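**Q** For reference, the file entry-v8.cif (mmCIF, C-alpha atoms and all ligand atoms) is included below:
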data_data
loop_
_atom_site.group_PDB
_atom_site.id
_atom_site.type_symbol
_atom_site.label_atom_id
_atom_site.label_comp_id
_atom_site.auth_asym_id
_atom_site.auth_seq_id
_atom_site.Cartn_x
_atom_site.Cartn_y
_atom_site.Cartn_z
ATOM 1 C CA MET A 729 -7.050 -17.548 9.279
ATOM 2 C CA ASP A 730 -10.374 -16.031 8.363
ATOM 3 C CA ALA A 731 -12.738 -13.208 9.229
ATOM 4 C CA LYS A 732 -14.356 -15.178 12.081
ATOM 5 C CA ARG A 733 -11.049 -15.716 13.830
ATOM 6 C CA LEU A 734 -10.202 -12.035 13.406
ATOM 7 C CA ALA A 735 -13.527 -11.103 14.977
ATOM 8 C CA LEU A 736 -12.821 -13.381 17.943
ATOM 9 C CA ALA A 737 -9.340 -11.946 18.394
ATOM 10 C CA PHE A 738 -10.305 -8.276 18.045
ATOM 11 C CA PRO A 739 -13.946 -7.891 19.131
ATOM 12 C CA ASP A 740 -13.621 -4.134 19.658
ATOM 13 C CA MET A 741 -12.771 -3.277 16.085
ATOM 14 C CA LYS A 742 -15.708 -1.964 14.111
ATOM 15 C CA ALA A 743 -16.309 -0.164 10.811
ATOM 16 C CA ALA A 744 -12.762 -0.747 9.525
ATOM 17 C CA ARG A 745 -11.235 1.702 12.009
ATOM 18 C CA LEU A 746 -8.775 1.124 14.782
ATOM 19 C CA LYS A 747 -8.580 3.944 17.333
ATOM 20 C CA PRO A 748 -6.613 4.411 20.536
ATOM 21 C CA ARG A 749 -8.815 3.930 23.586
ATOM 22 C CA ASP A 750 -7.575 6.719 25.820
ATOM 23 C CA CYS A 751 -6.246 9.479 23.591
ATOM 24 C CA VAL A 752 -6.609 11.135 20.222
ATOM 25 C CA ALA A 753 -3.849 10.154 17.795
ATOM 26 C CA ARG A 754 -1.868 12.951 16.149
ATOM 27 C CA GLN A 755 -2.456 11.539 12.664
ATOM 28 C CA ARG A 756 -5.406 9.801 11.151
ATOM 29 C CA ILE A 757 -4.071 7.138 8.802
ATOM 30 C CA ALA A 758 -5.511 5.272 5.823
ATOM 31 C CA ILE A 759 -3.901 1.888 5.241
ATOM 32 C CA ILE A 760 -4.391 1.007 1.591
ATOM 33 C CA ILE A 761 -3.825 -2.591 0.506
ATOM 34 C CA PRO A 762 -3.627 -3.420 -3.223
ATOM 35 C CA TYR A 763 -5.244 -6.791 -3.543
ATOM 36 C CA ARG A 764 -6.361 -9.741 -5.610
ATOM 37 C CA ASN A 765 -6.858 -13.349 -4.600
ATOM 38 C CA ARG A 766 -4.692 -13.327 -1.452
ATOM 39 C CA TYR A 767 -7.363 -13.885 1.187
ATOM 40 C CA PRO A 768 -5.185 -15.924 3.607
ATOM 41 C CA HIS A 769 -2.420 -13.298 3.407
ATOM 42 C CA LEU A 770 -4.865 -10.491 4.136
ATOM 43 C CA HIS A 771 -5.993 -12.132 7.335
ATOM 44 C CA ILE A 772 -2.478 -12.949 8.485
ATOM 45 C CA LEU A 773 -1.549 -9.318 7.818
ATOM 46 C CA LEU A 774 -4.460 -7.950 9.834
ATOM 47 C CA HIS A 775 -3.869 -10.406 12.623
ATOM 48 C CA ASN A 776 -0.397 -8.885 12.966
ATOM 49 C CA LEU A 777 -1.030 -5.234 12.053
ATOM 50 C CA ILE A 778 -3.948 -4.674 14.412
ATOM 51 C CA PRO A 779 -2.003 -5.454 17.614
ATOM 52 C CA PHE A 780 1.117 -3.751 16.213
ATOM 53 C CA LEU A 781 -0.767 -0.519 15.488
ATOM 54 C CA THR A 782 -2.716 -0.757 18.744
ATOM 55 C CA ARG A 783 0.567 -0.760 20.678
ATOM 56 C CA GLN A 784 1.587 2.387 18.762
ATOM 57 C CA GLN A 785 -1.764 4.045 19.527
ATOM 58 C CA VAL A 786 -2.418 4.595 15.848
ATOM 59 C CA ASP A 787 -5.740 5.727 14.402
ATOM 60 C CA ALA A 788 -6.002 3.642 11.215
ATOM 61 C CA THR A 789 -8.735 2.852 8.709
ATOM 62 C CA PHE A 790 -8.124 -0.154 6.460
ATOM 63 C CA PHE A 791 -8.981 -0.203 2.758
ATOM 64 C CA VAL A 792 -8.677 -3.313 0.591
ATOM 65 C CA ILE A 793 -8.559 -2.292 -3.054
ATOM 66 C CA GLU A 794 -9.363 -5.332 -5.120
ATOM 67 C CA GLN A 795 -8.850 -5.383 -8.860
ATOM 68 C CA ALA A 796 -11.592 -7.239 -10.735
ATOM 69 C CA MET A 797 -10.656 -9.990 -13.153
ATOM 70 C CA PRO A 798 -9.639 -10.517 -15.885
ATOM 71 C CA GLU A 799 -7.344 -7.524 -16.559
ATOM 72 C CA THR A 800 -3.661 -7.904 -15.711
ATOM 73 C CA PHE A 801 -2.878 -6.699 -12.180
ATOM 74 C CA ASN A 802 -1.824 -3.042 -11.844
ATOM 75 C CA ARG A 803 -0.540 -2.223 -8.384
ATOM 76 C CA GLY A 804 0.200 1.463 -9.107
ATOM 77 C CA ALA A 805 -3.299 2.165 -10.397
ATOM 78 C CA LEU A 806 -4.796 0.408 -7.367
ATOM 79 C CA LEU A 807 -2.822 2.669 -5.037
ATOM 80 C CA ASN A 808 -4.263 5.681 -6.879
ATOM 81 C CA VAL A 809 -7.789 4.265 -6.578
ATOM 82 C CA GLY A 810 -7.196 3.609 -2.882
ATOM 83 C CA PHE A 811 -6.059 7.175 -2.309
ATOM 84 C CA LEU A 812 -9.002 8.706 -4.194
ATOM 85 C CA GLU A 813 -11.639 6.482 -2.610
ATOM 86 C CA ALA A 814 -10.236 6.898 0.905
ATOM 87 C CA ASP A 815 -9.960 10.636 0.365
ATOM 88 C CA LYS A 816 -13.642 10.852 -0.532
ATOM 89 C CA MET A 817 -14.491 9.412 2.888
ATOM 90 C CA HIS A 818 -12.049 11.502 4.877
ATOM 91 C CA GLN A 819 -9.010 13.658 4.181
ATOM 92 C CA PHE A 820 -6.512 11.521 6.079
ATOM 93 C CA ASP A 821 -3.238 12.939 7.410
ATOM 94 C CA CYS A 822 -1.282 9.957 6.182
ATOM 95 C CA TYR A 823 -1.806 7.352 3.451
ATOM 96 C CA ILE A 824 0.172 4.146 3.918
ATOM 97 C CA PHE A 825 0.222 1.883 0.862
ATOM 98 C CA HIS A 826 0.884 -1.600 2.177
ATOM 99 C CA ASP A 827 1.413 -4.885 0.345
ATOM 100 C CA VAL A 828 -0.700 -7.698 1.685
ATOM 101 C CA ASP A 829 2.214 -10.022 2.432
ATOM 102 C CA LEU A 830 4.439 -7.828 4.615
ATOM 103 C CA ILE A 831 4.463 -8.356 8.368
ATOM 104 C CA PRO A 832 6.311 -5.689 10.380
ATOM 105 C CA LEU A 833 8.559 -7.188 13.033
ATOM 106 C CA ASN A 834 9.746 -4.338 15.229
ATOM 107 C CA ASP A 835 7.492 -2.211 17.440
ATOM 108 C CA ARG A 836 9.875 0.722 17.104
ATOM 109 C CA HIS A 837 8.951 0.968 13.428
ATOM 110 C CA LEU A 838 6.443 3.789 13.724
ATOM 111 C CA TYR A 839 3.600 3.919 11.229
ATOM 112 C CA ARG A 840 3.177 7.615 10.619
ATOM 113 C CA CYS A 841 3.967 10.192 7.928
ATOM 114 C CA GLY A 842 6.537 12.985 8.030
ATOM 115 C CA ASP A 843 7.899 15.936 6.063
ATOM 116 C CA ASP A 844 9.088 13.628 3.268
ATOM 117 C CA PRO A 845 7.560 10.453 1.846
ATOM 118 C CA LYS A 846 8.427 7.458 3.926
ATOM 119 C CA HIS A 847 9.720 4.071 2.833
ATOM 120 C CA PHE A 848 8.748 1.479 5.429
ATOM 121 C CA ALA A 849 9.635 -1.880 3.847
ATOM 122 C CA VAL A 850 13.410 -1.533 3.989
ATOM 123 C CA ALA A 851 14.572 -4.891 5.336
ATOM 124 C CA MET A 852 12.685 -8.044 4.387
ATOM 125 C CA ASN A 853 13.545 -11.625 5.277
ATOM 126 C CA LYS A 854 13.326 -12.549 1.561
ATOM 127 C CA TYR A 855 16.315 -10.244 0.895
ATOM 128 C CA LYS A 856 18.283 -11.179 4.018
ATOM 129 C CA PHE A 857 16.952 -8.103 5.827
ATOM 130 C CA LYS A 858 18.592 -5.679 3.412
ATOM 131 C CA LEU A 859 17.257 -3.508 0.611
ATOM 132 C CA PRO A 860 16.838 -5.652 -2.525
ATOM 133 C CA TYR A 861 18.516 -2.770 -4.381
ATOM 134 C CA LYS A 862 19.592 0.734 -3.407
ATOM 135 C CA ASP A 863 16.668 2.585 -5.018
ATOM 136 C CA TYR A 864 13.951 0.173 -3.895
ATOM 137 C CA PHE A 865 10.777 2.036 -2.873
ATOM 138 C CA GLY A 866 8.176 -0.724 -2.805
ATOM 139 C CA GLY A 867 6.285 -2.887 -0.362
ATOM 140 C CA ALA A 868 5.061 -0.305 2.125
ATOM 141 C CA VAL A 869 5.328 3.478 1.717
ATOM 142 C CA GLY A 870 3.707 6.467 3.411
ATOM 143 C CA PHE A 871 2.640 9.851 2.059
ATOM 144 C CA SER A 872 0.866 12.830 3.506
ATOM 145 C CA ARG A 873 -2.104 13.914 1.426
ATOM 146 C CA ARG A 874 -0.165 16.923 0.131
ATOM 147 C CA GLN A 875 2.845 14.804 -0.845
ATOM 148 C CA PHE A 876 0.808 12.273 -2.827
ATOM 149 C CA LEU A 877 -1.101 15.036 -4.632
ATOM 150 C CA ASP A 878 2.175 16.882 -5.357
ATOM 151 C CA ILE A 879 3.729 13.927 -7.139
ATOM 152 C CA ASN A 880 0.497 13.156 -9.034
ATOM 153 C CA GLY A 881 0.351 9.726 -7.391
ATOM 154 C CA CYS A 882 1.527 6.604 -9.170
ATOM 155 C CA SER A 883 1.607 5.857 -12.844
ATOM 156 C CA ASN A 884 -1.395 3.902 -14.176
ATOM 157 C CA VAL A 885 0.373 2.317 -17.113
ATOM 158 C CA PHE A 886 2.379 -0.465 -15.458
ATOM 159 C CA PHE A 887 0.312 -3.599 -15.995
ATOM 160 C CA GLY A 888 1.899 -6.749 -14.544
ATOM 161 C CA TRP A 889 4.753 -7.134 -12.110
ATOM 162 C CA GLY A 890 7.471 -4.488 -11.694
ATOM 163 C CA GLY A 891 8.320 -0.884 -12.491
ATOM 164 C CA GLU A 892 5.523 1.028 -10.740
ATOM 165 C CA ASP A 893 7.465 1.271 -7.471
ATOM 166 C CA ASP A 894 10.614 2.487 -9.251
ATOM 167 C CA GLU A 895 8.574 5.133 -11.020
ATOM 168 C CA LEU A 896 6.982 6.189 -7.729
ATOM 169 C CA LYS A 897 10.444 6.825 -6.314
ATOM 170 C CA GLU A 898 11.361 8.906 -9.396
ATOM 171 C CA ARG A 899 8.180 10.932 -8.996
ATOM 172 C CA VAL A 900 9.078 11.656 -5.391
ATOM 173 C CA LEU A 901 12.619 12.779 -6.222
ATOM 174 C CA ASN A 902 11.510 14.832 -9.265
ATOM 175 C CA LYS A 903 9.367 16.928 -6.926
ATOM 176 C CA GLY A 904 12.291 17.741 -4.647
ATOM 177 C CA TYR A 905 11.428 15.392 -1.799
ATOM 178 C CA THR A 906 13.903 13.063 -0.220
ATOM 179 C CA ILE A 907 12.978 9.594 0.943
ATOM 180 C CA ASN A 908 12.814 8.969 4.635
ATOM 181 C CA ARG A 909 13.834 5.446 5.647
ATOM 182 C CA SER A 910 14.032 3.946 9.106
ATOM 183 C CA PRO A 911 17.225 2.043 9.961
ATOM 184 C CA VAL A 912 17.448 -1.553 8.712
ATOM 185 C CA ALA A 913 17.480 -2.814 12.280
ATOM 186 C CA ILE A 914 13.992 -1.354 12.787
ATOM 187 C CA ALA A 915 12.286 -1.433 9.391
ATOM 188 C CA ARG A 916 12.195 -5.253 9.365
ATOM 189 C CA TYR A 917 9.518 -7.396 7.762
ATOM 190 C CA ASP A 918 8.679 -10.990 7.138
ATOM 191 C CA MET A 919 7.338 -11.401 3.645
ATOM 192 C CA ILE A 920 4.821 -14.253 3.453
ATOM 193 C CA LYS A 921 6.149 -16.774 0.931
ATOM 194 C CA HIS A 922 4.231 -16.907 -2.330
ATOM 195 C CA SER A 923 4.743 -17.690 -5.972
ATOM 196 C CA ARG A 924 4.143 -15.175 -8.771
ATOM 197 C CA ASP A 925 0.395 -14.642 -9.128
ATOM 198 C CA LYS A 926 -1.512 -15.576 -12.235
ATOM 199 C CA GLY A 927 -2.468 -12.330 -13.955
ATOM 200 C CA ASN A 928 0.595 -10.491 -12.589
ATOM 201 C CA GLU A 929 3.327 -11.770 -14.868
ATOM 202 C CA ALA A 930 6.500 -9.665 -15.129
ATOM 203 C CA ASN A 931 5.929 -6.663 -17.341
ATOM 204 C CA PRO A 932 8.393 -6.995 -20.241
ATOM 205 C CA VAL A 933 8.187 -3.283 -21.182
ATOM 206 C CA ARG A 934 8.611 -1.842 -17.687
ATOM 207 C CA LYS A 935 12.091 -0.436 -18.372
ATOM 208 C CA ARG A 936 10.916 1.298 -21.544
ATOM 209 C CA ILE A 937 7.971 2.881 -19.698
ATOM 210 C CA LEU A 938 10.271 3.977 -16.889
ATOM 211 C CA SER A 939 12.410 5.950 -19.331
ATOM 212 C CA SER A 940 9.516 8.408 -19.866
ATOM 213 C CA THR A 941 8.644 9.058 -16.217
ATOM 214 C CA LYS A 942 9.513 12.767 -16.329
ATOM 215 C CA ALA A 943 7.492 13.444 -19.459
ATOM 216 C CA ARG A 944 4.421 11.705 -18.027
ATOM 217 C CA GLN A 945 4.461 12.811 -14.398
ATOM 218 C CA GLU A 946 2.123 15.826 -14.743
ATOM 219 C CA VAL A 947 -0.164 14.292 -17.366
ATOM 220 C CA GLU A 948 -0.532 10.683 -16.282
ATOM 221 C CA GLY A 949 -1.280 9.456 -12.786
ATOM 222 C CA LEU A 950 -3.691 10.405 -10.048
ATOM 223 C CA ASN A 951 -5.200 13.140 -12.245
ATOM 224 C CA THR A 952 -5.982 10.846 -15.185
ATOM 225 C CA ILE A 953 -6.968 7.473 -13.757
ATOM 226 C CA ILE A 954 -10.253 6.043 -15.042
ATOM 227 C CA TYR A 955 -11.888 3.212 -13.143
ATOM 228 C CA LYS A 956 -15.256 1.805 -12.235
ATOM 229 C CA VAL A 957 -16.178 0.963 -8.660
ATOM 230 C CA ASN A 958 -18.090 -2.334 -8.778
ATOM 231 C CA SER A 959 -18.802 -2.568 -5.056
ATOM 232 C CA VAL A 960 -17.967 -1.020 -1.696
ATOM 233 C CA LYS A 961 -18.450 -3.135 1.416
ATOM 234 C CA LEU A 962 -17.962 -1.819 4.903
ATOM 235 C CA GLU A 963 -16.843 -4.688 7.149
ATOM 236 C CA ASN A 964 -15.514 -4.706 10.712
ATOM 237 C CA PHE A 965 -11.903 -4.921 9.609
ATOM 238 C CA TYR A 966 -11.800 -3.178 6.244
ATOM 239 C CA ILE A 967 -13.598 -1.238 3.596
ATOM 240 C CA TRP A 968 -13.473 -3.601 0.640
ATOM 241 C CA ILE A 969 -13.608 -1.866 -2.735
ATOM 242 C CA ASN A 970 -13.750 -3.878 -5.949
ATOM 243 C CA VAL A 971 -12.735 -1.935 -9.056
ATOM 244 C CA THR A 972 -12.313 -2.417 -12.765
ATOM 245 C CA LEU A 973 -9.444 -0.436 -14.242
ATOM 246 C CA ASN A 974 -9.744 1.151 -17.647
ATOM 247 C CA ARG A 975 -6.778 0.070 -19.726
ATOM 248 C CA THR A 976 -5.890 2.847 -22.167
ATOM 249 C CA ASP A 977 -2.254 2.095 -23.056
HETATM 250 N N1 LIG B 1001 -1.040 -8.448 -5.269
HETATM 251 C C1 LIG B 1001 -2.195 -9.180 -5.018
HETATM 252 N N2 LIG B 1001 -2.597 -10.120 -5.903
HETATM 253 C C2 LIG B 1001 -1.929 -10.385 -7.056
HETATM 254 C C3 LIG B 1001 -0.734 -9.659 -7.287
HETATM 255 C C4 LIG B 1001 -0.312 -8.718 -6.382
HETATM 256 O O1 LIG B 1001 -2.860 -8.974 -4.008
HETATM 257 O O2 LIG B 1001 -2.377 -11.244 -7.837
HETATM 258 C C5 LIG B 1001 -0.673 -7.331 -4.364
HETATM 259 C C6 LIG B 1001 -0.315 -7.769 -2.968
HETATM 260 O O3 LIG B 1001 -0.602 -6.757 -2.053
HETATM 261 C C7 LIG B 1001 1.177 -7.988 -3.098
HETATM 262 C C8 LIG B 1001 1.550 -6.783 -3.961
HETATM 263 O O4 LIG B 1001 0.474 -6.656 -4.856
HETATM 264 O O5 LIG B 1001 1.832 -8.016 -1.865
HETATM 265 C C9 LIG B 1001 2.884 -6.907 -4.680
HETATM 266 O O6 LIG B 1001 2.904 -8.075 -5.520
HETATM 267 P P1 LIG B 1001 3.939 -9.243 -5.266
HETATM 268 O O7 LIG B 1001 3.737 -9.757 -3.873
HETATM 269 O O8 LIG B 1001 3.843 -10.234 -6.366
HETATM 270 O O9 LIG B 1001 5.332 -8.529 -5.324
HETATM 271 P P2 LIG B 1001 6.681 -9.155 -4.813
HETATM 272 O O10 LIG B 1001 6.476 -10.045 -3.656
HETATM 273 O O11 LIG B 1001 7.434 -7.845 -4.342
HETATM 274 O O12 LIG B 1001 7.391 -9.761 -5.951
HETATM 275 C C10 LIG B 1001 8.766 -7.887 -4.086
HETATM 276 C C11 LIG B 1001 9.334 -6.597 -4.515
HETATM 277 C C12 LIG B 1001 10.790 -6.676 -4.891
HETATM 278 C C13 LIG B 1001 11.106 -6.257 -6.301
HETATM 279 C C14 LIG B 1001 10.555 -4.942 -6.728
HETATM 280 C C15 LIG B 1001 10.668 -4.669 -8.200
HETATM 281 N N3 LIG B 1001 10.518 -3.297 -8.485
#
Let me see whether you can do it: turn the structure in this file into structure tokens.

**A**
Amino acid sequence: MDAKRLALAFPDMKAARLKPRDCVARQRIAIIIPYRNRYPHLHILLHNLIPFLTRQQVDATFFVIEQAMPETFNRGALLNVGFLEADKMHQFDCYIFHDVDLIPLNDRHLYRCGDDPKHFAVAMNKYKFKLPYKDYFGGAVGFSRRQFLDINGCSNVFFGWGGEDDELKERVLNKGYTINRSPVAIARYDMIKHSRDKGNEANPVRKRILSSTKARQEVEGLNTIIYKVNSVKLENFYIWINVTLNRTD
């Protein structure tokens, strides 16, 4: 699966934006994909998401936020970068942060934001179509602009695998929101099989960092992230942004 095959399958899509043909969608959505070295997954995802969102008459702009080598992967910081960079282009109604390997399976699973932050990736094949654990808030989540600003985004200090999604959930609850989840029968996903990526090893100090979420929420996150944009490429199917994160911990 590559860009050429995507172009053949979806010739109408241009400038990274999918729009309904015959109406104006209620929300304009940014789909933000944290990314490094998963090119085949990205194209499988788009091959599935484009028709899925077309059937829902969604207005979506796709952003691929790629972390430059060699720093350890930091998913939370990439979501913050994605929000800030997307927001510079347009103040979207809804920001959906979407892992590259999650394929939604049910057309009734509506990609839109609501009064509370939304957890989309509830039931994945990898976990027998159940939550991996009760408080899980990873994979694919949706925030209105106001909600993401209110919680000060994600933490930037989780380098490596794990913790950033648990902290995001804490940030949401600390600000008095509840989490809106679709039923397990609807919020179903196939997760593309993969092994743990090089440069994203499990973070051994994630539990210790998580214990200070409350103390850091206002002073560490969207309002403090430092990064350098190395390149921005506007393609038919995505805006591809390569960034170097500034590691300060
Ligand atoms: N990612 C990359 N490249 C990398 C590492 C991560 O693109 O080298 C992105 C990608 O979008 C991926 C996401 O980060 O889908 C999450 O990384 P992962 O796929 O390694 O995470 P995993 O499949 O997630 O392990 C399962 C979550 C269940 C446990 C949550 C613990 N809090």

**Q** Report the residues retrieved by the PyMOL selection byres (((chain A and resi 944) around 12) and not hetatm) from the displayed file, expressed as a PyMOL selection string.

**A** chain A and resi 879-885+895-896+898-899+902+937-943+945-952

**Q** Ranking A:Asp829, A:Asp815, A:Glu892, A:Asp925 by minimum distance to A:Ser872 and counting only C-alpha atoms, which one comes first?

**A**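 Of A:Asp829, A:Asp815, A:Glu892, A:Asp925, the one nearest A:Ser872, counting only C-alpha atoms, is A:Asp815.
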
**Q** What residues of the protein or nucleic acid chains come within 6 Å of ligand LIG 1001 (chain B) when you use only C-alpha atoms and all ligand atoms? Reply as number ranges by chain.

**A** A: 761-766, 803, 827-829, 890-891, 893-894, 924-925, 928

**Q** Please measure the separation of atom CA of A:Glu963 and atom CA of A:Ala849, giving the value in Å to one decimal.

**A**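 Between atom CA of A:Glu963 and atom CA of A:Ala849 the gap works out to 26.8 Å.
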
**Q** Choose the residue, out of A:Asp918, A:Asp835, A:Glu799, A:Glu813, that has the smallest atom-to-atom separation from A:Arg783; count all atoms listed in the file.

**A**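 When distances to A:Arg783 are compared using all atoms listed in the file, the smallest one comes from A:Asp835.
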
**Q** May I ask which of the residues A:Val957, A:Leu734, A:Leu830, A:Leu962 is the closest one to A:Phe848, counting only C-alpha atoms?

**A**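 Nearest to A:Phe848: A:Leu830.
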
**Q** Looking at A:Ala913, A:Leu901, A:Ala930, A:Leu806, which one is nearest to A:Lys956, with distances taken over only C-alpha atoms?

**A**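 The closest residue to A:Lys956 is A:Leu806.
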
**Q** How far is it from atom CA of A:Lys897 to atom CA of A:Asp821, in Å with one decimal?

**A**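 These two atoms are separated by 20.3 Å.
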
**Q** Quick check on the file I pasted: which residues fall under the PyMOL selection byres (((chain A and resi 778) around 12) and not hetatm)? Write them as a VMD selection string.

**A** chain A and resid 734 to 735 737 to 741 744 to 748 759 770 to 777 779 to 790 831 to 832 839 965 to 966

**Q** Is there a way to get, as a PyMOL selection string, all residues within 9 Å of the point (10.0, -1.3, 15.3) in file coordinates, counting all atoms listed in the file?

**A** chain A and resi 832-838+913-916

**Q** The PyMOL selection byres (((chain A and resi 908) around 10) and not hetatm) - which residues does that actually catch in the file I just gave you? List them as a PyMOL selection string.

**A** chain A and resi 841-848+869-870+905-907+909-911

**Q** Nearest to A:His769: which of A:Val912, A:Ile757, A:Ile824, A:Ile920 is it, counting only C-alpha atoms?

**A**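 Distance minimum relative to A:His769 lands on A:Ile920.
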